[in-house]
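Novice: One file is attached below, start_29.txt, containing compact mmCIF, C-alpha atoms and all ligand atoms.
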# COMPACT_ATOMS: atom_id res chain seq x y z
CA MET Y 1 24.05 16.94 9.96
CA ARG Y 2 20.47 18.17 10.14
CA ASP Y 3 20.01 21.66 11.57
CA LEU Y 4 18.41 21.36 14.99
CA SER Y 5 15.95 24.11 14.18
CA HIS Y 6 14.94 22.30 10.97
CA THR Y 7 11.32 23.09 10.16
CA SER Y 8 9.14 21.21 7.71
CA LEU Y 9 5.87 22.55 6.35
CA VAL Y 10 3.34 19.90 5.35
CA THR Y 11 0.38 20.94 3.19
CA GLY Y 12 -2.47 18.45 3.41
CA ALA Y 13 -1.31 17.58 6.94
CA ALA Y 14 -4.76 16.50 8.11
CA GLY Y 15 -5.11 13.96 5.32
CA PHE Y 16 -4.36 10.25 5.33
CA LEU Y 17 -0.78 10.47 4.05
CA GLY Y 18 -0.11 13.93 5.49
CA SER Y 19 -0.87 12.82 9.03
CA HIS Y 20 1.48 9.83 8.77
CA LEU Y 21 4.17 12.05 7.29
CA CYS Y 22 3.85 14.51 10.19
CA ASP Y 23 4.32 11.59 12.62
CA ARG Y 24 7.50 10.55 10.86
CA LEU Y 25 8.95 14.05 10.59
CA LEU Y 26 8.32 14.65 14.29
CA ALA Y 27 9.96 11.32 15.12
CA ARG Y 28 12.98 12.50 13.11
CA GLY Y 29 13.19 15.58 15.29
CA ASP Y 30 11.78 18.23 12.95
CA ASN Y 31 9.60 21.14 13.91
CA VAL Y 32 6.47 20.48 11.85
CA ILE Y 33 3.89 22.96 10.68
CA GLY Y 34 0.76 21.28 9.36
CA PHE Y 35 -1.42 23.20 6.92
CA ASP Y 36 -4.80 22.03 5.63
CA ASN Y 37 -8.14 23.47 4.49
CA LEU Y 38 -9.96 20.51 6.10
CA LEU Y 39 -11.98 19.96 2.92
CA THR Y 40 -11.18 16.25 2.85
CA GLY Y 41 -8.74 16.08 5.75
CA SER Y 42 -9.93 16.05 9.33
CA MET Y 43 -8.56 17.13 12.70
CA ALA Y 44 -9.24 13.61 13.96
CA LYS Y 45 -6.25 12.38 11.95
CA ILE Y 46 -3.87 14.74 13.76
CA SER Y 47 -5.60 15.04 17.14
CA HIS Y 48 -2.79 12.96 18.67
CA LEU Y 49 -0.32 15.67 17.58
CA MET Y 50 -2.12 18.65 19.03
CA GLY Y 51 -0.15 19.76 22.06
CA HIS Y 52 3.08 18.24 20.74
CA GLN Y 53 5.86 20.72 21.48
CA ARG Y 54 7.22 20.70 17.93
CA PHE Y 55 3.90 20.62 16.05
CA ALA Y 56 1.68 23.51 15.01
CA PHE Y 57 -1.42 23.44 12.84
CA ILE Y 58 -2.63 26.25 10.59
CA GLU Y 59 -5.94 26.07 8.74
CA GLY Y 60 -6.02 27.57 5.27
CA ASP Y 61 -6.39 26.92 1.56
CA LEU Y 62 -3.24 26.50 -0.49
CA ILE Y 63 -4.91 28.22 -3.44
CA GLU Y 64 -4.82 31.44 -1.40
CA GLY Y 65 -1.16 30.93 -0.49
CA LEU Y 66 1.13 29.33 2.08
CA PRO Y 67 1.26 30.40 5.70
CA ASP Y 68 3.99 32.90 6.42
CA VAL Y 69 6.45 30.57 8.10
CA ASP Y 70 10.08 29.77 7.56
CA ALA Y 71 10.59 26.16 6.48
CA ALA Y 72 13.64 24.33 5.18
CA GLU Y 73 11.43 21.69 3.54
CA ILE Y 74 7.94 21.94 2.08
CA TYR Y 75 5.98 18.73 1.56
CA ASN Y 76 3.06 19.40 -0.77
CA LEU Y 77 0.31 16.88 -0.16
CA ALA Y 78 -2.63 19.26 -0.44
CA CYS Y 79 -5.31 17.88 -2.75
CA ALA Y 80 -8.40 15.73 -2.52
CA ALA Y 81 -7.08 12.35 -3.59
CA SER Y 82 -9.79 9.70 -3.87
CA PRO Y 83 -11.81 9.64 -7.12
CA LEU Y 84 -15.03 10.28 -5.19
CA ARG Y 85 -13.59 13.29 -3.38
CA TYR Y 86 -11.53 14.87 -6.17
CA GLN Y 87 -14.48 14.72 -8.56
CA ALA Y 88 -16.84 16.35 -6.03
CA ASP Y 89 -15.44 19.82 -6.82
CA PRO Y 90 -13.28 19.29 -9.92
CA VAL Y 91 -12.43 22.95 -10.43
CA HIS Y 92 -11.15 23.25 -6.86
CA THR Y 93 -9.14 20.04 -7.36
CA PHE Y 94 -7.50 21.41 -10.49
CA ARG Y 95 -6.79 24.79 -8.92
CA THR Y 96 -5.33 23.15 -5.81
CA SER Y 97 -2.97 21.06 -7.92
CA VAL Y 98 -1.79 23.79 -10.26
CA ILE Y 99 -2.18 27.11 -8.38
CA GLY Y 100 -1.23 25.39 -5.12
CA MET Y 101 1.92 24.02 -6.72
CA TYR Y 102 2.74 27.45 -8.13
CA ASN Y 103 2.43 28.95 -4.65
CA VAL Y 104 4.72 26.28 -3.17
CA LEU Y 105 7.35 26.70 -5.87
CA GLU Y 106 7.29 30.50 -5.69
CA ARG Y 107 7.91 30.26 -1.95
CA ALA Y 108 10.76 27.79 -2.52
CA ARG Y 109 12.28 30.00 -5.22
CA ARG Y 110 12.45 32.87 -2.73
CA THR Y 111 13.57 30.90 0.34
CA GLY Y 112 15.62 28.03 -1.08
CA ALA Y 113 13.36 25.44 0.60
CA ARG Y 114 13.56 21.86 -0.65
CA VAL Y 115 10.20 20.74 -2.11
CA PHE Y 116 8.49 17.37 -2.06
CA GLN Y 117 5.57 17.00 -4.46
CA ALA Y 118 2.99 14.27 -3.98
CA SER Y 119 2.28 13.32 -7.55
CA THR Y 120 0.39 10.21 -8.56
CA SER Y 121 0.17 7.11 -10.69
CA GLU Y 122 -2.86 8.86 -12.23
CA VAL Y 123 -0.40 10.72 -14.45
CA TYR Y 124 -0.21 7.42 -16.38
CA GLY Y 125 -4.00 7.38 -16.90
CA ASP Y 126 -5.23 4.01 -18.22
CA PRO Y 127 -1.76 2.68 -19.02
CA GLU Y 128 -0.91 0.70 -22.14
CA ILE Y 129 2.49 -0.25 -20.69
CA HIS Y 130 2.75 -2.59 -17.72
CA PRO Y 131 4.29 -2.18 -15.21
CA GLN Y 132 4.65 1.58 -15.49
CA PRO Y 133 8.19 3.05 -15.51
CA GLU Y 134 8.76 6.78 -15.00
CA THR Y 135 9.70 7.08 -18.68
CA TYR Y 136 6.15 6.19 -19.77
CA ASN Y 137 4.26 9.36 -20.67
CA GLY Y 138 0.84 7.96 -19.96
CA ASN Y 139 -2.59 7.65 -21.50
CA VAL Y 140 -4.79 10.29 -19.88
CA ASN Y 141 -8.19 11.44 -21.13
CA PRO Y 142 -7.80 15.23 -20.78
CA VAL Y 143 -11.56 15.92 -20.73
CA GLY Y 144 -12.94 12.99 -18.70
CA PRO Y 145 -14.15 12.97 -15.09
CA ARG Y 146 -10.70 12.05 -13.73
CA ALA Y 147 -8.94 14.80 -15.69
CA CYS Y 148 -9.25 17.43 -12.94
CA TYR Y 149 -6.91 15.31 -10.84
CA ASP Y 150 -4.80 13.62 -13.54
CA GLU Y 151 -4.15 16.75 -15.58
CA GLY Y 152 -3.86 18.89 -12.46
CA LYS Y 153 -1.10 16.63 -11.16
CA ARG Y 154 0.54 16.50 -14.59
CA GLY Y 155 0.46 20.31 -14.71
CA ALA Y 156 1.98 20.41 -11.22
CA GLU Y 157 4.83 18.17 -12.40
CA THR Y 158 5.37 20.52 -15.35
CA LEU Y 159 5.70 23.46 -12.96
CA CYS Y 160 8.10 21.50 -10.72
CA PHE Y 161 10.53 20.76 -13.49
CA ASP Y 162 10.28 24.24 -15.02
CA TYR Y 163 11.10 25.76 -11.63
CA LYS Y 164 14.00 23.33 -11.34
CA ARG Y 165 15.33 24.19 -14.81
CA VAL Y 166 14.66 27.92 -14.74
CA HIS Y 167 15.14 28.80 -11.06
CA GLY Y 168 17.18 25.89 -9.70
CA VAL Y 169 14.52 24.90 -7.14
CA ASP Y 170 15.41 21.65 -5.37
CA VAL Y 171 12.26 19.66 -6.11
CA ARG Y 172 11.57 15.96 -5.63
CA VAL Y 173 8.48 14.46 -7.23
CA ALA Y 174 7.04 11.15 -6.03
CA ARG Y 175 4.46 9.38 -8.19
CA ILE Y 176 2.40 7.66 -5.54
CA PHE Y 177 0.54 4.45 -6.37
CA ASN Y 178 -2.44 3.07 -4.43
CA THR Y 179 -1.73 3.26 -0.70
CA TYR Y 180 -3.78 2.06 2.24
CA GLY Y 181 -3.57 1.88 6.01
CA PRO Y 182 -4.91 3.25 9.28
CA ARG Y 183 -6.56 6.72 9.07
CA MET Y 184 -7.94 6.22 5.56
CA GLY Y 185 -11.31 7.93 5.41
CA GLY Y 186 -14.04 5.33 5.83
CA ASP Y 187 -16.18 7.35 3.44
CA ASP Y 188 -13.61 8.41 0.87
CA GLY Y 189 -14.85 5.90 -1.69
CA ARG Y 190 -11.54 4.14 -2.22
CA VAL Y 191 -11.64 0.42 -2.73
CA VAL Y 192 -9.75 -0.68 0.40
CA SER Y 193 -11.68 1.60 2.76
CA ASN Y 194 -15.02 0.81 1.09
CA LEU Y 195 -14.53 -2.95 1.27
CA ILE Y 196 -13.33 -2.92 4.88
CA ALA Y 197 -16.14 -0.63 6.03
CA GLN Y 198 -18.72 -2.74 4.18
CA ALA Y 199 -17.32 -6.00 5.54
CA LEU Y 200 -17.30 -4.76 9.13
CA GLN Y 201 -20.91 -3.65 8.76
CA GLY Y 202 -21.80 -7.09 7.38
CA GLY Y 203 -23.03 -5.55 4.12
CA SER Y 204 -22.26 -6.62 0.57
CA LEU Y 205 -18.94 -5.62 -1.00
CA THR Y 206 -19.22 -3.30 -3.99
CA ILE Y 207 -17.24 -4.41 -7.04
CA TYR Y 208 -17.12 -1.96 -9.94
CA GLY Y 209 -17.09 -3.63 -13.35
CA ASP Y 210 -16.24 -7.33 -13.29
CA GLY Y 211 -13.46 -6.90 -10.72
CA SER Y 212 -10.74 -7.97 -13.16
CA GLN Y 213 -9.00 -4.58 -13.04
CA THR Y 214 -5.79 -4.60 -11.02
CA ARG Y 215 -4.11 -2.35 -8.49
CA SER Y 216 -0.92 -2.70 -6.43
CA PHE Y 217 -1.49 -1.77 -2.80
CA CYS Y 218 1.26 -0.24 -0.69
CA TYR Y 219 1.04 -0.06 3.10
CA VAL Y 220 1.34 3.53 4.31
CA ASP Y 221 4.49 3.04 6.46
CA ASP Y 222 6.36 1.65 3.46
CA LEU Y 223 5.26 4.59 1.34
CA ILE Y 224 6.41 7.13 3.94
CA ASP Y 225 9.81 5.37 3.98
CA GLY Y 226 9.93 6.28 0.31
CA PHE Y 227 9.08 9.94 0.99
CA MET Y 228 11.91 10.15 3.50
CA GLY Y 229 14.38 8.34 1.25
CA LEU Y 230 13.62 10.65 -1.64
CA MET Y 231 13.91 13.83 0.44
CA GLU Y 232 17.08 12.72 2.19
CA LEU Y 233 18.98 12.12 -1.06
CA PRO Y 234 21.84 14.63 -1.23
CA ALA Y 235 20.84 15.67 -4.76
CA ALA Y 236 17.46 15.80 -6.45
CA PRO Y 237 16.85 13.07 -9.04
CA ALA Y 238 16.50 14.29 -12.62
CA GLY Y 239 12.82 13.37 -12.88
CA PRO Y 240 9.85 11.93 -10.97
CA VAL Y 241 10.20 8.73 -8.95
CA ASN Y 242 7.53 6.02 -8.64
CA LEU Y 243 6.64 4.90 -5.10
CA GLY Y 244 4.34 1.98 -4.42
CA SER Y 245 4.11 -1.74 -4.01
CA THR Y 246 4.61 -4.26 -6.79
CA GLY Y 247 2.18 -6.78 -5.29
CA GLU Y 248 -0.58 -6.68 -7.92
CA PHE Y 249 -4.11 -7.93 -7.22
CA THR Y 250 -7.38 -7.88 -9.10
CA ILE Y 251 -10.15 -6.05 -7.28
CA MET Y 252 -12.00 -9.37 -7.03
CA GLU Y 253 -8.98 -10.96 -5.33
CA LEU Y 254 -8.83 -8.06 -2.90
CA ALA Y 255 -12.54 -8.42 -2.12
CA HIS Y 256 -12.10 -12.12 -1.36
CA ILE Y 257 -9.16 -11.40 0.96
CA VAL Y 258 -11.01 -8.62 2.82
CA SER Y 259 -14.11 -10.77 3.08
CA ALA Y 260 -12.13 -13.68 4.54
CA MET Y 261 -10.37 -11.41 7.03
CA ALA Y 262 -13.21 -9.14 8.12
CA GLY Y 263 -16.53 -10.74 7.46
CA ALA Y 264 -16.39 -14.21 5.92
CA GLY Y 265 -19.21 -15.23 3.62
CA LEU Y 266 -20.25 -11.79 2.48
CA ALA Y 267 -22.03 -11.18 -0.83
CA PHE Y 268 -20.58 -9.14 -3.67
CA GLU Y 269 -22.60 -6.42 -5.34
CA MET Y 270 -21.53 -5.75 -8.91
CA GLN Y 271 -21.80 -2.10 -9.96
CA GLN Y 272 -20.98 -0.20 -13.12
CA LEU Y 273 -17.30 0.50 -13.83
CA PRO Y 274 -16.66 4.25 -13.58
CA GLN Y 275 -15.59 6.03 -16.77
CA ASP Y 276 -11.83 6.01 -17.49
CA ASP Y 277 -11.16 3.57 -14.62
CA PRO Y 278 -7.64 2.21 -15.30
CA GLN Y 279 -7.70 -1.51 -16.18
CA GLN Y 280 -4.32 -2.32 -14.66
CA ARG Y 281 -1.74 -0.56 -12.55
CA LYS Y 282 1.58 -1.60 -11.08
CA PRO Y 283 4.68 0.54 -10.57
CA ASP Y 284 8.13 -0.20 -11.84
CA ILE Y 285 10.04 0.83 -8.68
CA SER Y 286 13.55 0.00 -9.87
CA LEU Y 287 14.52 3.68 -9.92
CA ALA Y 288 13.52 4.28 -6.27
CA HIS Y 289 15.27 1.03 -5.33
CA ALA Y 290 18.47 2.09 -7.09
CA LEU Y 291 18.37 5.64 -5.66
CA PHE Y 292 17.63 4.92 -1.99
CA GLY Y 293 16.97 1.20 -1.58
CA PHE Y 294 13.19 1.54 -1.63
CA ALA Y 295 11.62 -1.87 -0.99
CA PRO Y 296 8.13 -2.13 0.56
CA LYS Y 297 8.06 -4.77 3.28
CA ILE Y 298 4.50 -5.13 4.54
CA GLU Y 299 2.53 -7.88 2.79
CA LEU Y 300 -1.07 -7.11 1.83
CA ARG Y 301 -2.62 -9.41 4.44
CA GLU Y 302 -0.47 -7.97 7.22
CA GLY Y 303 -1.28 -4.39 6.19
CA LEU Y 304 -4.97 -5.19 5.85
CA ALA Y 305 -5.02 -6.71 9.34
CA ARG Y 306 -3.62 -3.46 10.78
CA THR Y 307 -6.08 -1.40 8.73
CA ILE Y 308 -9.06 -3.52 9.74
CA ASP Y 309 -8.03 -3.13 13.40
CA HIS Y 310 -8.00 0.61 12.94
CA PHE Y 311 -11.42 0.62 11.26
CA ARG Y 312 -12.87 -1.49 14.06
CA THR Y 313 -11.90 1.12 16.64
CA ALA Y 314 -11.90 4.45 14.80
CA ASN Y 315 -14.65 4.54 12.17
N1 LIG Y 401 -13.55 -0.05 -6.76
C1 LIG Y 401 -14.45 -1.10 -6.53
N2 LIG Y 401 -15.32 -1.00 -5.46
C2 LIG Y 401 -15.32 0.07 -4.64
C3 LIG Y 401 -14.41 1.13 -4.87
C4 LIG Y 401 -13.54 1.04 -5.95
O1 LIG Y 401 -14.48 -2.10 -7.26
O2 LIG Y 401 -16.14 0.09 -3.69
C5 LIG Y 401 -12.59 -0.20 -7.87
C6 LIG Y 401 -12.44 1.01 -8.77
O3 LIG Y 401 -13.37 0.97 -9.83
C7 LIG Y 401 -11.00 0.85 -9.25
C8 LIG Y 401 -10.28 0.21 -8.06
O4 LIG Y 401 -11.31 -0.38 -7.26
O5 LIG Y 401 -10.94 -0.02 -10.35
C9 LIG Y 401 -9.48 1.18 -7.22
O6 LIG Y 401 -10.31 2.27 -6.93
P1 LIG Y 401 -9.90 3.45 -5.96
O7 LIG Y 401 -11.05 4.41 -5.93
O8 LIG Y 401 -9.46 2.89 -4.65
O9 LIG Y 401 -8.61 4.14 -6.58
P2 LIG Y 401 -8.05 4.38 -8.07
O10 LIG Y 401 -6.91 3.45 -8.18
O11 LIG Y 401 -9.11 4.08 -9.09
O12 LIG Y 401 -7.66 5.81 -8.06
Kindly transcribe the structure held in the file into structure tokens.
Specialist:
Amino acid sequence: MRDLSHTSLVTGAAGFLGSHLCDRLLARGDNVIGFDNLLTGSMAKISHLMGHQRFAFIEGDLIEGLPDVDAAEIYNLACAASPLRYQADPVHTFRTSVIGMYNVLERARRTGARVFQASTSEVYGDPEIHPQPETYNGNVNPVGPRACYDEGKRGAETLCFDYKRVHGVDVRVARIFNTYGPRMGGDDGRVVSNLIAQALQGGSLTIYGDGSQTRSFCYVDDLIDGFMGLMELPAAPAGPVNLGSTGEFTIMELAHIVSAMAGAGLAFEMQQLPQDDPQQRKPDISLAHALFGFAPKIELREGLARTIDHFRTAN
């Protein structure tokens, strides 16, 4: 039985995933404390929560430390997450991932809080194994433009499992694959948000490279189901757990679908492929399925329809 005074602290609460997580934790009955430096997050994503009896927001930077609050669970989602945003200040990105993680784990070591870490499919880099299981150690360029995020998140995973081994911290690490949905930043540079925003403006859709690279797109509600399933397991899994959708699409296929749904007949504008852009990505989610029945339900077209609706009204 969950303690009625159960409090969850969410770092990165004003971000895309953080705001959806806060919604879900409040719906579960938690007291939720949202924490964010508002570097890439925005109050607009949590404005509907302000005034909620069980929600409080604290502004601050995780690098400086966590707010002084008592929480049974800490969800660590603090970090710029789109390539455009995390490369804008790479040193801050790296420090957020590693020093921020250290601060979270030190707090958990002292208080016994259960920790959720938002890791990423970027730990696999440009993968040579497809789909990617958790046992694959990845192919990351440690000195390229994506390294601040990839190596930062890898370092954070290292800290998680050292704190688990050395101090017995109850830590659960999700490797999150591409996710989309309402409240994505229209200007965060990600492919889904870019293409939808461009289509709604009647502009041309930007395709990097030849559009043959693949991604697997998970609708945000399905992903948050995975967060909850992982945190509600009675015991922490031995290692990280992939969360994402297995529906794999080329970027060109995605562009055609978005164009048909949001602005039929649009032109494509081919641009240079960014350095170290992964050629293919799809999670092996059999571990999450075996552990807590994880099975994304929302098809891409259905999720895109909901996201396009949101962009029409909010951006
Ligand atoms: N991409 C694209 N057009 C855009 C934005 C991104 O073709 O306007 C490509 C990008 O090069 C990558 C894929 O779409 O191959 C996914 O990019 P995103 O930034 O969404 O996330 P990533 O999976 O690379 O972290």
Novice: How many Å lie between atom CA of Asp68 of chain Y and atom CA of Leu49 of chain Y, rounded to one decimal?
Specialist: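 Atom CA of Leu49 of chain Y lies 21.0 Å from atom CA of Asp68 of chain Y.
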Novice: Excluding Ala81 of chain Y and any residue of its chain fewer than 5 positions from it, enumerate the residues within 12 Å of it, using only C-alpha atoms, and give them as a PyMOL selection string.
Specialist: chain Y and resi 12+15-18+39-41+86-90+93-94+96-97+118-122+146+148-150+152-153+176-179+184-185+188-190
Novice: List the spatial neighbours of segment 303-313 of chain Y as a PyMOL selection string - criterion: any atom at most 6 Å away, all atoms listed in the file, same-chain residues fewer than 5 positions off excluded.
Specialist: chain Y and resi 181-182+219
Novice: Once you count all atoms listed in the file, which residues end up within 10 Å of ligand LIG 401 (chain Y), and could you hand them over as an MDAnalysis selection string?
Specialist: chainID Y and resid 81:85 120:122 125:126 146 149:150 177:180 188:198 205:217 250:252 254:255 268:281
Novice: Mind checking which residues fall within 7 Å of Val115 of chain Y, counting all atoms listed in the file, ignoring those fewer than 6 positions away in the same chain, and posting them as a ChimeraX atom specification?
Specialist: /Y:73-75,170-172
Novice: Just the number, please: distance in Å from atom CA of Phe55 of chain Y to atom CA of Gly34 of chain Y, one decimal.
Specialist: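 Here the two named atoms are 7.4 Å from each other.
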